[in-house]
>>> print(open('data-v1.pdb').read())   # PDB, C-alpha atoms
ATOM      1  CA  MET A  84      66.945 114.853 134.775  1.00  0.00           C
ATOM      2  CA  LYS A  85      64.826 113.850 137.773  1.00  0.00           C
ATOM      3  CA  LYS A  86      61.690 114.123 135.633  1.00  0.00           C
ATOM      4  CA  ILE A  87      63.126 111.762 133.022  1.00  0.00           C
ATOM      5  CA  ILE A  88      64.179 109.196 135.630  1.00  0.00           C
ATOM      6  CA  THR A  89      60.761 109.418 137.311  1.00  0.00           C
ATOM      7  CA  LEU A  90      59.052 108.939 133.953  1.00  0.00           C
ATOM      8  CA  VAL A  91      61.192 105.884 133.143  1.00  0.00           C
ATOM      9  CA  VAL A  92      60.494 104.331 136.567  1.00  0.00           C
ATOM     10  CA  CYS A  93      56.739 104.948 136.176  1.00  0.00           C
ATOM     11  CA  CYS A  94      56.737 103.379 132.713  1.00  0.00           C
ATOM     12  CA  CYS A  95      58.614 100.308 133.992  1.00  0.00           C
ATOM     13  CA  CYS A  96      56.163  99.905 136.884  1.00  0.00           C
ATOM     14  CA  ALA A  97      53.203 100.255 134.544  1.00  0.00           C
ATOM     15  CA  ALA A  98      54.666  97.627 132.228  1.00  0.00           C
ATOM     16  CA  ILE A  99      55.136  95.196 135.110  1.00  0.00           C
ATOM     17  CA  PHE A 100      51.609  95.628 136.465  1.00  0.00           C
ATOM     18  CA  ALA A 101      49.985  95.673 133.021  1.00  0.00           C
ATOM     19  CA  SER A 102      51.246  92.184 132.253  1.00  0.00           C
ATOM     20  CA  ASP A 103      48.166  90.506 133.782  1.00  0.00           C
ATOM     21  CA  LEU A 104      44.459  91.282 133.639  1.00  0.00           C
ATOM     22  CA  GLU A 105      41.701  90.418 136.104  1.00  0.00           C
ATOM     23  CA  LEU A 106      37.983  90.670 135.390  1.00  0.00           C
ATOM     24  CA  LYS A 107      36.082  90.716 138.673  1.00  0.00           C
ATOM     25  CA  ASN A 108      32.673  91.972 139.727  1.00  0.00           C
ATOM     26  CA  GLU A 109      31.289  91.467 136.230  1.00  0.00           C
ATOM     27  CA  ILE A 110      28.007  90.353 137.779  1.00  0.00           C
ATOM     28  CA  ASN A 111      27.984  92.646 140.840  1.00  0.00           C
ATOM     29  CA  ASN A 112      28.388  95.728 138.599  1.00  0.00           C
ATOM     30  CA  SER A 113      25.063  94.899 136.941  1.00  0.00           C
ATOM     31  CA  LYS A 114      21.503  95.692 138.062  1.00  0.00           C
ATOM     32  CA  ILE A 115      19.169  93.004 139.384  1.00  0.00           C
ATOM     33  CA  GLY A 116      16.587  92.207 136.726  1.00  0.00           C
ATOM     34  CA  ASP A 117      18.797  93.111 133.773  1.00  0.00           C
ATOM     35  CA  PRO A 118      18.863  90.465 131.020  1.00  0.00           C
ATOM     36  CA  LEU A 119      22.590  91.066 130.411  1.00  0.00           C
ATOM     37  CA  MET A 120      25.563  91.587 132.674  1.00  0.00           C
ATOM     38  CA  LYS A 121      27.111  95.011 132.174  1.00  0.00           C
ATOM     39  CA  GLY A 122      29.527  94.768 129.239  1.00  0.00           C
ATOM     40  CA  TRP A 123      28.289  91.333 128.076  1.00  0.00           C
ATOM     41  CA  LEU A 124      26.167  90.228 125.099  1.00  0.00           C
ATOM     42  CA  LEU A 125      24.031  87.237 124.133  1.00  0.00           C
ATOM     43  CA  ASN A 126      25.492  85.197 121.272  1.00  0.00           C
ATOM     44  CA  GLN A 127      22.558  85.170 118.876  1.00  0.00           C
ATOM     45  CA  ASN A 128      23.902  82.535 116.529  1.00  0.00           C
ATOM     46  CA  ARG A 129      20.383  81.083 116.260  1.00  0.00           C
ATOM     47  CA  LYS A 130      17.068  82.871 115.917  1.00  0.00           C
ATOM     48  CA  GLU A 131      14.976  80.259 117.738  1.00  0.00           C
ATOM     49  CA  GLY A 132      15.488  77.982 120.697  1.00  0.00           C
ATOM     50  CA  LEU A 133      17.839  80.253 122.633  1.00  0.00           C
ATOM     51  CA  GLY A 134      17.447  80.710 126.333  1.00  0.00           C
ATOM     52  CA  THR A 135      17.652  83.793 128.508  1.00  0.00           C
ATOM     53  CA  GLY A 136      19.806  85.360 131.167  1.00  0.00           C
ATOM     54  CA  ILE A 137      18.960  87.549 134.144  1.00  0.00           C
ATOM     55  CA  VAL A 138      20.863  89.194 136.983  1.00  0.00           C
ATOM     56  CA  ILE A 139      19.426  87.941 140.296  1.00  0.00           C
ATOM     57  CA  GLN A 140      20.105  88.315 144.016  1.00  0.00           C
ATOM     58  CA  GLY A 141      23.174  86.330 145.037  1.00  0.00           C
ATOM     59  CA  SER A 142      23.603  84.031 148.013  1.00  0.00           C
ATOM     60  CA  GLU A 143      24.588  86.952 150.251  1.00  0.00           C
ATOM     61  CA  ASN A 144      22.932  90.356 150.721  1.00  0.00           C
ATOM     62  CA  ASP A 145      25.732  92.262 148.995  1.00  0.00           C
ATOM     63  CA  SER A 146      26.185  89.879 146.061  1.00  0.00           C
ATOM     64  CA  LYS A 147      24.458  89.223 142.756  1.00  0.00           C
ATOM     65  CA  ALA A 148      24.332  86.171 140.520  1.00  0.00           C
ATOM     66  CA  TYR A 149      23.608  85.537 136.844  1.00  0.00           C
ATOM     67  CA  LYS A 150      21.068  82.888 135.879  1.00  0.00           C
ATOM     68  CA  ILE A 151      21.096  81.385 132.399  1.00  0.00           C
ATOM     69  CA  SER A 152      18.105  79.274 131.400  1.00  0.00           C
ATOM     70  CA  SER A 153      18.614  77.499 128.096  1.00  0.00           C
ATOM     71  CA  LYS A 154      16.086  75.814 125.868  1.00  0.00           C
ATOM     72  CA  LYS A 155      16.682  73.566 122.874  1.00  0.00           C
ATOM     73  CA  PHE A 156      20.177  74.953 122.227  1.00  0.00           C
ATOM     74  CA  PRO A 157      23.084  76.139 124.402  1.00  0.00           C
ATOM     75  CA  THR A 158      22.859  79.797 125.411  1.00  0.00           C
ATOM     76  CA  PHE A 159      26.142  81.747 125.426  1.00  0.00           C
ATOM     77  CA  PHE A 160      26.901  85.168 126.905  1.00  0.00           C
ATOM     78  CA  PHE A 161      30.243  86.763 126.022  1.00  0.00           C
ATOM     79  CA  LYS A 162      32.306  89.801 126.987  1.00  0.00           C
ATOM     80  CA  ARG A 163      31.488  92.597 124.539  1.00  0.00           C
ATOM     81  CA  ASP A 164      34.944  94.167 124.471  1.00  0.00           C
ATOM     82  CA  ALA A 165      37.731  92.083 123.017  1.00  0.00           C
ATOM     83  CA  ILE A 166      40.774  91.514 125.240  1.00  0.00           C
ATOM     84  CA  ARG A 167      44.243  91.337 123.779  1.00  0.00           C
ATOM     85  CA  ALA A 168      45.765  87.870 123.973  1.00  0.00           C
ATOM     86  CA  LYS A 169      48.182  85.743 122.008  1.00  0.00           C
ATOM     87  CA  ALA A 170      48.938  82.052 121.757  1.00  0.00           C
ATOM     88  CA  GLY A 171      50.570  80.836 124.953  1.00  0.00           C
ATOM     89  CA  ASP A 172      48.769  83.272 127.269  1.00  0.00           C
ATOM     90  CA  LYS A 173      46.787  81.658 130.095  1.00  0.00           C
ATOM     91  CA  ILE A 174      43.150  82.404 130.899  1.00  0.00           C
ATOM     92  CA  LYS A 175      41.755  81.138 134.191  1.00  0.00           C
ATOM     93  CA  PHE A 176      38.079  80.996 135.130  1.00  0.00           C
ATOM     94  CA  SER A 177      36.843  80.771 138.702  1.00  0.00           C
ATOM     95  CA  VAL A 178      33.108  80.721 139.431  1.00  0.00           C
ATOM     96  CA  ASP A 179      30.592  79.344 141.913  1.00  0.00           C
ATOM     97  CA  VAL A 180      27.702  77.575 140.187  1.00  0.00           C
ATOM     98  CA  LYS A 181      24.508  75.773 141.029  1.00  0.00           C
ATOM     99  CA  GLY A 182      21.520  74.601 139.067  1.00  0.00           C
ATOM    100  CA  ARG A 183      20.831  71.661 136.807  1.00  0.00           C
ATOM    101  CA  GLY A 184      22.234  70.368 133.544  1.00  0.00           C
ATOM    102  CA  THR A 185      25.618  71.406 132.197  1.00  0.00           C
ATOM    103  CA  MET A 186      27.511  74.670 131.961  1.00  0.00           C
ATOM    104  CA  ILE A 187      30.225  75.812 129.592  1.00  0.00           C
ATOM    105  CA  ILE A 188      33.071  78.281 130.101  1.00  0.00           C
ATOM    106  CA  GLY A 189      35.591  79.378 127.537  1.00  0.00           C
ATOM    107  CA  PHE A 190      36.491  82.077 125.062  1.00  0.00           C
ATOM    108  CA  TYR A 191      36.183  83.018 121.413  1.00  0.00           C
ATOM    109  CA  THR A 192      39.401  83.734 119.497  1.00  0.00           C
ATOM    110  CA  TYR A 193      39.918  86.527 116.996  1.00  0.00           C
ATOM    111  CA  ALA A 194      42.685  87.470 114.600  1.00  0.00           C
ATOM    112  CA  HIS A 195      43.816  91.067 114.418  1.00  0.00           C
ATOM    113  CA  GLY A 196      41.037  93.209 113.013  1.00  0.00           C
ATOM    114  CA  ASN A 197      38.372  91.432 115.092  1.00  0.00           C
ATOM    115  CA  LYS A 198      37.951  88.511 112.651  1.00  0.00           C
ATOM    116  CA  PHE A 199      36.597  85.394 114.426  1.00  0.00           C
ATOM    117  CA  ILE A 200      38.812  82.335 113.991  1.00  0.00           C
ATOM    118  CA  ASP A 201      38.140  78.687 114.846  1.00  0.00           C
ATOM    119  CA  SER A 202      40.450  77.268 117.503  1.00  0.00           C
ATOM    120  CA  VAL A 203      40.627  74.075 119.538  1.00  0.00           C
ATOM    121  CA  ASN A 204      40.522  73.675 123.325  1.00  0.00           C
ATOM    122  CA  THR A 205      38.738  76.971 123.972  1.00  0.00           C
ATOM    123  CA  ARG A 206      35.789  75.633 125.985  1.00  0.00           C
ATOM    124  CA  LYS A 207      35.149  73.271 128.864  1.00  0.00           C
ATOM    125  CA  ILE A 208      31.846  71.638 129.854  1.00  0.00           C
ATOM    126  CA  PHE A 209      30.954  70.821 133.477  1.00  0.00           C
ATOM    127  CA  ALA A 210      27.989  68.963 134.963  1.00  0.00           C
ATOM    128  CA  VAL A 211      25.903  70.976 137.410  1.00  0.00           C
ATOM    129  CA  ASN A 212      24.291  68.690 139.961  1.00  0.00           C
ATOM    130  CA  GLY A 213      21.990  70.966 141.948  1.00  0.00           C
ATOM    131  CA  LYS A 214      24.523  71.591 144.720  1.00  0.00           C
ATOM    132  CA  GLU A 215      26.694  74.688 144.854  1.00  0.00           C
ATOM    133  CA  GLN A 216      30.171  73.983 143.512  1.00  0.00           C
ATOM    134  CA  GLU A 217      33.262  76.004 142.721  1.00  0.00           C
ATOM    135  CA  ILE A 218      34.619  75.597 139.222  1.00  0.00           C
ATOM    136  CA  GLU A 219      38.190  76.548 138.364  1.00  0.00           C
ATOM    137  CA  TYR A 220      39.770  75.899 135.007  1.00  0.00           C
ATOM    138  CA  GLU A 221      42.773  77.250 133.143  1.00  0.00           C
ATOM    139  CA  PHE A 222      43.138  77.400 129.372  1.00  0.00           C
ATOM    140  CA  THR A 223      46.152  78.123 127.206  1.00  0.00           C
ATOM    141  CA  VAL A 224      45.239  80.475 124.361  1.00  0.00           C
ATOM    142  CA  PRO A 225      45.824  78.792 120.969  1.00  0.00           C
ATOM    143  CA  ASN A 226      46.212  80.147 117.471  1.00  0.00           C
ATOM    144  CA  GLY A 227      43.541  79.375 114.887  1.00  0.00           C
ATOM    145  CA  ASN A 228      43.060  75.963 113.278  1.00  0.00           C
ATOM    146  CA  LYS A 229      44.093  77.320 109.876  1.00  0.00           C
ATOM    147  CA  GLY A 230      47.236  79.080 111.084  1.00  0.00           C
ATOM    148  CA  ASP A 231      45.566  82.384 111.936  1.00  0.00           C
ATOM    149  CA  LEU A 232      47.352  84.204 114.754  1.00  0.00           C
ATOM    150  CA  THR A 233      45.195  85.028 117.763  1.00  0.00           C
ATOM    151  CA  GLY A 234      45.199  88.733 118.597  1.00  0.00           C
ATOM    152  CA  THR A 235      42.215  89.031 120.935  1.00  0.00           C
ATOM    153  CA  ILE A 236      39.743  86.889 122.856  1.00  0.00           C
ATOM    154  CA  ARG A 237      36.266  87.272 124.318  1.00  0.00           C
ATOM    155  CA  PRO A 238      35.491  85.133 127.399  1.00  0.00           C
ATOM    156  CA  PHE A 239      32.058  83.485 127.610  1.00  0.00           C
ATOM    157  CA  ILE A 240      29.822  81.598 130.024  1.00  0.00           C
ATOM    158  CA  ALA A 241      26.947  79.387 128.904  1.00  0.00           C
ATOM    159  CA  ALA A 242      24.252  76.938 129.897  1.00  0.00           C
ATOM    160  CA  ASN A 243      24.152  73.889 127.650  1.00  0.00           C
ATOM    161  CA  ALA A 244      20.858  72.809 126.062  1.00  0.00           C
ATOM    162  CA  ASN A 245      17.974  72.276 128.503  1.00  0.00           C
ATOM    163  CA  SER A 246      19.940  73.564 131.496  1.00  0.00           C
ATOM    164  CA  GLU A 247      19.524  76.223 134.151  1.00  0.00           C
ATOM    165  CA  VAL A 248      22.752  77.475 135.715  1.00  0.00           C
ATOM    166  CA  ILE A 249      23.356  80.211 138.277  1.00  0.00           C
ATOM    167  CA  PHE A 250      26.817  81.814 138.130  1.00  0.00           C
ATOM    168  CA  GLU A 251      28.180  83.745 141.116  1.00  0.00           C
ATOM    169  CA  ASP A 252      31.585  85.207 142.017  1.00  0.00           C
ATOM    170  CA  LEU A 253      32.805  85.023 138.418  1.00  0.00           C
ATOM    171  CA  GLU A 254      36.497  85.878 138.079  1.00  0.00           C
ATOM    172  CA  ILE A 255      38.517  85.692 134.894  1.00  0.00           C
ATOM    173  CA  GLU A 256      42.286  86.185 134.955  1.00  0.00           C
ATOM    174  CA  ILE A 257      44.588  86.466 131.983  1.00  0.00           C
ATOM    175  CA  ASP A 258      48.282  85.799 132.524  1.00  0.00           C
ATOM    176  CA  TYR A 259      50.249  87.104 129.623  1.00  0.00           C
ATOM    177  CA  LYS A 260      53.124  84.946 128.481  1.00  0.00           C
ATOM    178  CA  LYS A 261      56.457  86.665 128.835  1.00  0.00           C
ATOM    179  CA  ARG A 262      57.278  88.149 125.445  1.00  0.00           C
TER     180      ARG A 262
END
>>> encode(input="data-v1.pdb", output="structure tokens")
Amino acid sequence: MKKIITLVVCCCCAAIFASDLELKNEINNSKIGDPLMKGWLLNQNRKEGLGTGIVIQGSENDSKAYKISSKKFPTFFFKRDAIRAKAGDKIKFSVDVKGRGTMIIGFYTYAHGNKFIDSVNTRKIFAVNGKEQEIEYEFTVPNGNKGDLTGTIRPFIAANANSEVIFEDLEIEIDYKKR
């Protein structure tokens, strides 16, 4: 009987702590000089005019940063593994940035089965003025424009066209709506 009660208590605790998700150290877990952060991909929606990314030394000895240099078109890097999320969940970005031009944060939405769906209010653009600044923004996950139900998301960071942005201390939190 004690084993059953212990199992039930452990399951309840796991359910409570599994309700939220934090993505930290996405940049610091990567190697300096790598073109991609560990677990991230370049969105190659165009064959020409895309920029590049590179992991660089951060502002402190024990930190790293990610520099995106875009060209003619915005350059997006997204989390490779999809993260479960439904309409009403909250996703919060926190990042220190510097550089020039404009940066974009947001997420791609997918229906069940990893099918990309168009959604509104899934990205936010910020001016980067050369000085270091902390950006924080919270989104509410929507369903698709055509009624598709969101099942997963993939967060992204980007430098808009003709921009160079350095991202440091990137944190992404997902607060799951009580179901």
>>> residues_around(input="data-v1.pdb", residues="Pro225 of chain A", least_positions_apart="4", cutoff="8 Å", atoms="all atoms listed in the file", output="PDB file with C-alpha atoms, in the frame of the given file")
ATOM      1  CA  LYS A 169      48.182  85.743 122.008  1.00  0.00           C
ATOM      2  CA  ALA A 170      48.938  82.052 121.757  1.00  0.00           C
ATOM      3  CA  GLY A 171      50.570  80.836 124.953  1.00  0.00           C
ATOM      4  CA  SER A 202      40.450  77.268 117.503  1.00  0.00           C
ATOM      5  CA  VAL A 203      40.627  74.075 119.538  1.00  0.00           C
ATOM      6  CA  ASN A 204      40.522  73.675 123.325  1.00  0.00           C
ATOM      7  CA  THR A 205      38.738  76.971 123.972  1.00  0.00           C
ATOM      8  CA  THR A 233      45.195  85.028 117.763  1.00  0.00           C
TER       9      THR A 233
END
>>> resolve_selection(input="data-v1.pdb", expression="the PyMOL selection byres ((chain A and resi 151-153) around 7)", output="PDB file with C-alpha atoms, keeping the file's coordinate frame")
ATOM      1  CA  LEU A 133      17.839  80.253 122.633  1.00  0.00           C
ATOM      2  CA  GLY A 134      17.447  80.710 126.333  1.00  0.00           C
ATOM      3  CA  THR A 135      17.652  83.793 128.508  1.00  0.00           C
ATOM      4  CA  GLY A 136      19.806  85.360 131.167  1.00  0.00           C
ATOM      5  CA  ILE A 137      18.960  87.549 134.144  1.00  0.00           C
ATOM      6  CA  TYR A 149      23.608  85.537 136.844  1.00  0.00           C
ATOM      7  CA  LYS A 150      21.068  82.888 135.879  1.00  0.00           C
ATOM      8  CA  LYS A 154      16.086  75.814 125.868  1.00  0.00           C
ATOM      9  CA  LYS A 155      16.682  73.566 122.874  1.00  0.00           C
ATOM     10  CA  PHE A 156      20.177  74.953 122.227  1.00  0.00           C
ATOM     11  CA  PRO A 157      23.084  76.139 124.402  1.00  0.00           C
ATOM     12  CA  THR A 158      22.859  79.797 125.411  1.00  0.00           C
ATOM     13  CA  ALA A 242      24.252  76.938 129.897  1.00  0.00           C
ATOM     14  CA  ASN A 243      24.152  73.889 127.650  1.00  0.00           C
ATOM     15  CA  ALA A 244      20.858  72.809 126.062  1.00  0.00           C
ATOM     16  CA  ASN A 245      17.974  72.276 128.503  1.00  0.00           C
ATOM     17  CA  SER A 246      19.940  73.564 131.496  1.00  0.00           C
ATOM     18  CA  GLU A 247      19.524  76.223 134.151  1.00  0.00           C
ATOM     19  CA  VAL A 248      22.752  77.475 135.715  1.00  0.00           C
ATOM     20  CA  ILE A 249      23.356  80.211 138.277  1.00  0.00           C
TER      21      ILE A 249
END
>>> residues_around(input="data-v1.pdb", residues="Ile166 of chain A", least_positions_apart="6", cutoff="12 Å", atoms="only C-alpha atoms", output="PyMOL selection string")
chain A and resi 103-106+172+174+190-195+197+224+233-238+255-259
>>> write_last_selection(input="data-v1.pdb", atoms="C-alpha atoms", output="PDB file, in the coordinates of the input")
ATOM      1  CA  ASP A 103      48.166  90.506 133.782  1.00  0.00           C
ATOM      2  CA  LEU A 104      44.459  91.282 133.639  1.00  0.00           C
ATOM      3  CA  GLU A 105      41.701  90.418 136.104  1.00  0.00           C
ATOM      4  CA  LEU A 106      37.983  90.670 135.390  1.00  0.00           C
ATOM      5  CA  ASP A 172      48.769  83.272 127.269  1.00  0.00           C
ATOM      6  CA  ILE A 174      43.150  82.404 130.899  1.00  0.00           C
ATOM      7  CA  PHE A 190      36.491  82.077 125.062  1.00  0.00           C
ATOM      8  CA  TYR A 191      36.183  83.018 121.413  1.00  0.00           C
ATOM      9  CA  THR A 192      39.401  83.734 119.497  1.00  0.00           C
ATOM     10  CA  TYR A 193      39.918  86.527 116.996  1.00  0.00           C
ATOM     11  CA  ALA A 194      42.685  87.470 114.600  1.00  0.00           C
ATOM     12  CA  HIS A 195      43.816  91.067 114.418  1.00  0.00           C
ATOM     13  CA  ASN A 197      38.372  91.432 115.092  1.00  0.00           C
ATOM     14  CA  VAL A 224      45.239  80.475 124.361  1.00  0.00           C
ATOM     15  CA  THR A 233      45.195  85.028 117.763  1.00  0.00           C
ATOM     16  CA  GLY A 234      45.199  88.733 118.597  1.00  0.00           C
ATOM     17  CA  THR A 235      42.215  89.031 120.935  1.00  0.00           C
ATOM     18  CA  ILE A 236      39.743  86.889 122.856  1.00  0.00           C
ATOM     19  CA  ARG A 237      36.266  87.272 124.318  1.00  0.00           C
ATOM     20  CA  PRO A 238      35.491  85.133 127.399  1.00  0.00           C
ATOM     21  CA  ILE A 255      38.517  85.692 134.894  1.00  0.00           C
ATOM     22  CA  GLU A 256      42.286  86.185 134.955  1.00  0.00           C
ATOM     23  CA  ILE A 257      44.588  86.466 131.983  1.00  0.00           C
ATOM     24  CA  ASP A 258      48.282  85.799 132.524  1.00  0.00           C
ATOM     25  CA  TYR A 259      50.249  87.104 129.623  1.00  0.00           C
TER      26      TYR A 259
END
>>> atom_distance(input="data-v1.pdb", atom1="atom CA of Asp164 of chain A", atom2="atom CA of Arg206 of chain A")
18.6 Å
>>> closest_residue(input="data-v1.pdb", among="A:Phe161, A:Val178, A:Gly227, A:Leu232", to="Phe209 of chain A", atoms="all atoms listed in the file")
A:Val178
>>> residues_near_point(input="data-v1.pdb", point="(40.3, 76.3, 132.8)", cutoff="10 Å", atoms="all atoms listed in the file", output="JSON, numbers by chain")
{"A": [173, 174, 175, 176, 177, 188, 189, 204, 205, 206, 207, 218, 219, 220, 221, 222, 223, 255]}
>>> write_last_selection(input="data-v1.pdb", atoms="C-alpha atoms", output="PDB file, in the frame of the given file")
ATOM      1  CA  LYS A 173      46.787  81.658 130.095  1.00  0.00           C
ATOM      2  CA  ILE A 174      43.150  82.404 130.899  1.00  0.00           C
ATOM      3  CA  LYS A 175      41.755  81.138 134.191  1.00  0.00           C
ATOM      4  CA  PHE A 176      38.079  80.996 135.130  1.00  0.00           C
ATOM      5  CA  SER A 177      36.843  80.771 138.702  1.00  0.00           C
ATOM      6  CA  ILE A 188      33.071  78.281 130.101  1.00  0.00           C
ATOM      7  CA  GLY A 189      35.591  79.378 127.537  1.00  0.00           C
ATOM      8  CA  ASN A 204      40.522  73.675 123.325  1.00  0.00           C
ATOM      9  CA  THR A 205      38.738  76.971 123.972  1.00  0.00           C
ATOM     10  CA  ARG A 206      35.789  75.633 125.985  1.00  0.00           C
ATOM     11  CA  LYS A 207      35.149  73.271 128.864  1.00  0.00           C
ATOM     12  CA  ILE A 218      34.619  75.597 139.222  1.00  0.00           C
ATOM     13  CA  GLU A 219      38.190  76.548 138.364  1.00  0.00           C
ATOM     14  CA  TYR A 220      39.770  75.899 135.007  1.00  0.00           C
ATOM     15  CA  GLU A 221      42.773  77.250 133.143  1.00  0.00           C
ATOM     16  CA  PHE A 222      43.138  77.400 129.372  1.00  0.00           C
ATOM     17  CA  THR A 223      46.152  78.123 127.206  1.00  0.00           C
ATOM     18  CA  ILE A 255      38.517  85.692 134.894  1.00  0.00           C
TER      19      ILE A 255
END
>>> axis_aligned_box(input="data-v1.pdb", around="segment 199-215 of chain A", padding_each_side="3 Å", output="lines of an AutoDock Vina configuration file")
center_x = 31.3
center_y = 77.0
center_z = 129.4
size_x = 24.6
size_y = 22.7
size_z = 36.9
>>> atom_distance(input="data-v1.pdb", atom1="atom CA of Gln216 of chain A", atom2="atom CA of Gly132 of chain A")
27.4 Å
>>> residues_around(input="data-v1.pdb", residues="Ile115 of chain A", least_positions_apart="4", cutoff="10 Å", atoms="only C-alpha atoms", output="list in words")
Ile110, Asn111, Leu119, Met120, Ile137, Val138, Ile139, Gln140, Gly141, Lys147, Ala148 and Tyr149 of chain A
>>> write_last_selection(input="data-v1.pdb", atoms="C-alpha atoms", output="PDB file, in the coordinates of the input")
ATOM      1  CA  ILE A 110      28.007  90.353 137.779  1.00  0.00           C
ATOM      2  CA  ASN A 111      27.984  92.646 140.840  1.00  0.00           C
ATOM      3  CA  LEU A 119      22.590  91.066 130.411  1.00  0.00           C
ATOM      4  CA  MET A 120      25.563  91.587 132.674  1.00  0.00           C
ATOM      5  CA  ILE A 137      18.960  87.549 134.144  1.00  0.00           C
ATOM      6  CA  VAL A 138      20.863  89.194 136.983  1.00  0.00           C
ATOM      7  CA  ILE A 139      19.426  87.941 140.296  1.00  0.00           C
ATOM      8  CA  GLN A 140      20.105  88.315 144.016  1.00  0.00           C
ATOM      9  CA  GLY A 141      23.174  86.330 145.037  1.00  0.00           C
ATOM     10  CA  LYS A 147      24.458  89.223 142.756  1.00  0.00           C
ATOM     11  CA  ALA A 148      24.332  86.171 140.520  1.00  0.00           C
ATOM     12  CA  TYR A 149      23.608  85.537 136.844  1.00  0.00           C
TER      13      TYR A 149
END
>>> resolve_selection(input="data-v1.pdb", expression="the PyMOL selection byres ((chain A and resi 124) around 6)", output="list in words")
Trp123, Leu125, Phe160, Phe161 and Arg163 of chain A
>>> resolve_selection(input="data-v1.pdb", expression="the PyMOL selection byres ((chain A and resi 183) around 8)", output="VMD selection string")
chain A and resid 181 to 182 184 to 185 210 to 213 246 to 248
>>> write_last_selection(input="data-v1.pdb", atoms="C-alpha atoms", output="PDB file, keeping the file's coordinate frame")
ATOM      1  CA  LYS A 181      24.508  75.773 141.029  1.00  0.00           C
ATOM      2  CA  GLY A 182      21.520  74.601 139.067  1.00  0.00           C
ATOM      3  CA  GLY A 184      22.234  70.368 133.544  1.00  0.00           C
ATOM      4  CA  THR A 185      25.618  71.406 132.197  1.00  0.00           C
ATOM      5  CA  ALA A 210      27.989  68.963 134.963  1.00  0.00           C
ATOM      6  CA  VAL A 211      25.903  70.976 137.410  1.00  0.00           C
ATOM      7  CA  ASN A 212      24.291  68.690 139.961  1.00  0.00           C
ATOM      8  CA  GLY A 213      21.990  70.966 141.948  1.00  0.00           C
ATOM      9  CA  SER A 246      19.940  73.564 131.496  1.00  0.00           C
ATOM     10  CA  GLU A 247      19.524  76.223 134.151  1.00  0.00           C
ATOM     11  CA  VAL A 248      22.752  77.475 135.715  1.00  0.00           C
TER      12      VAL A 248
END
>>> closest_residue(input="data-v1.pdb", among="A:Asp231, A:Asp117, A:Glu217, A:Asp201", to="Glu254 of chain A", atoms="all atoms listed in the file")
A:Glu217
>>> build_atoms(input="data-v1.pdb", residues="segment 155-165 of chain A", atoms="N, CA, C and O atoms", output="JSON list (two decimals), in the coordinates of the input")
[["chain", "number", "residue", "atom", "x", "y", "z"],
["A", 155, "LYS", "N", 16.28, 74.65, 123.78],
["A", 155, "LYS", "CA", 16.68, 73.57, 122.87],
["A", 155, "LYS", "C", 18.18, 73.60, 122.53],
["A", 155, "LYS", "O", 18.78, 72.59, 122.23],
["A", 156, "PHE", "N", 18.77, 74.80, 122.59],
["A", 156, "PHE", "CA", 20.18, 74.95, 122.23],
["A", 156, "PHE", "C", 20.96, 75.60, 123.37],
["A", 156, "PHE", "O", 20.37, 76.28, 124.21],
["A", 157, "PRO", "N", 22.27, 75.43, 123.39],
["A", 157, "PRO", "CA", 23.08, 76.14, 124.40],
["A", 157, "PRO", "C", 22.91, 77.64, 124.26],
["A", 157, "PRO", "O", 22.67, 78.15, 123.16],
["A", 158, "THR", "N", 23.01, 78.35, 125.39],
["A", 158, "THR", "CA", 22.86, 79.80, 125.41],
["A", 158, "THR", "C", 24.14, 80.42, 125.95],
["A", 158, "THR", "O", 24.49, 80.17, 127.11],
["A", 159, "PHE", "N", 24.84, 81.18, 125.11],
["A", 159, "PHE", "CA", 26.14, 81.75, 125.43],
["A", 159, "PHE", "C", 26.04, 83.25, 125.65],
["A", 159, "PHE", "O", 25.39, 83.95, 124.87],
["A", 160, "PHE", "N", 26.74, 83.74, 126.67],
["A", 160, "PHE", "CA", 26.90, 85.17, 126.90],
["A", 160, "PHE", "C", 28.40, 85.45, 126.91],
["A", 160, "PHE", "O", 29.17, 84.73, 127.56],
["A", 161, "PHE", "N", 28.82, 86.49, 126.16],
["A", 161, "PHE", "CA", 30.24, 86.76, 126.02],
["A", 161, "PHE", "C", 30.56, 88.22, 126.33],
["A", 161, "PHE", "O", 29.71, 89.10, 126.23],
["A", 162, "LYS", "N", 31.81, 88.45, 126.69],
["A", 162, "LYS", "CA", 32.31, 89.80, 126.99],
["A", 162, "LYS", "C", 32.28, 90.61, 125.69],
["A", 162, "LYS", "O", 32.82, 90.18, 124.68],
["A", 163, "ARG", "N", 31.63, 91.77, 125.74],
["A", 163, "ARG", "CA", 31.49, 92.60, 124.54],
["A", 163, "ARG", "C", 32.83, 93.10, 124.01],
["A", 163, "ARG", "O", 33.11, 93.04, 122.82],
["A", 164, "ASP", "N", 33.66, 93.61, 124.90],
["A", 164, "ASP", "CA", 34.94, 94.17, 124.47],
["A", 164, "ASP", "C", 36.00, 93.07, 124.36],
["A", 164, "ASP", "O", 36.19, 92.29, 125.30],
["A", 165, "ALA", "N", 36.66, 93.05, 123.22],
["A", 165, "ALA", "CA", 37.73, 92.08, 123.02],
["A", 165, "ALA", "C", 38.92, 92.42, 123.93],
["A", 165, "ALA", "O", 39.17, 93.58, 124.24]]
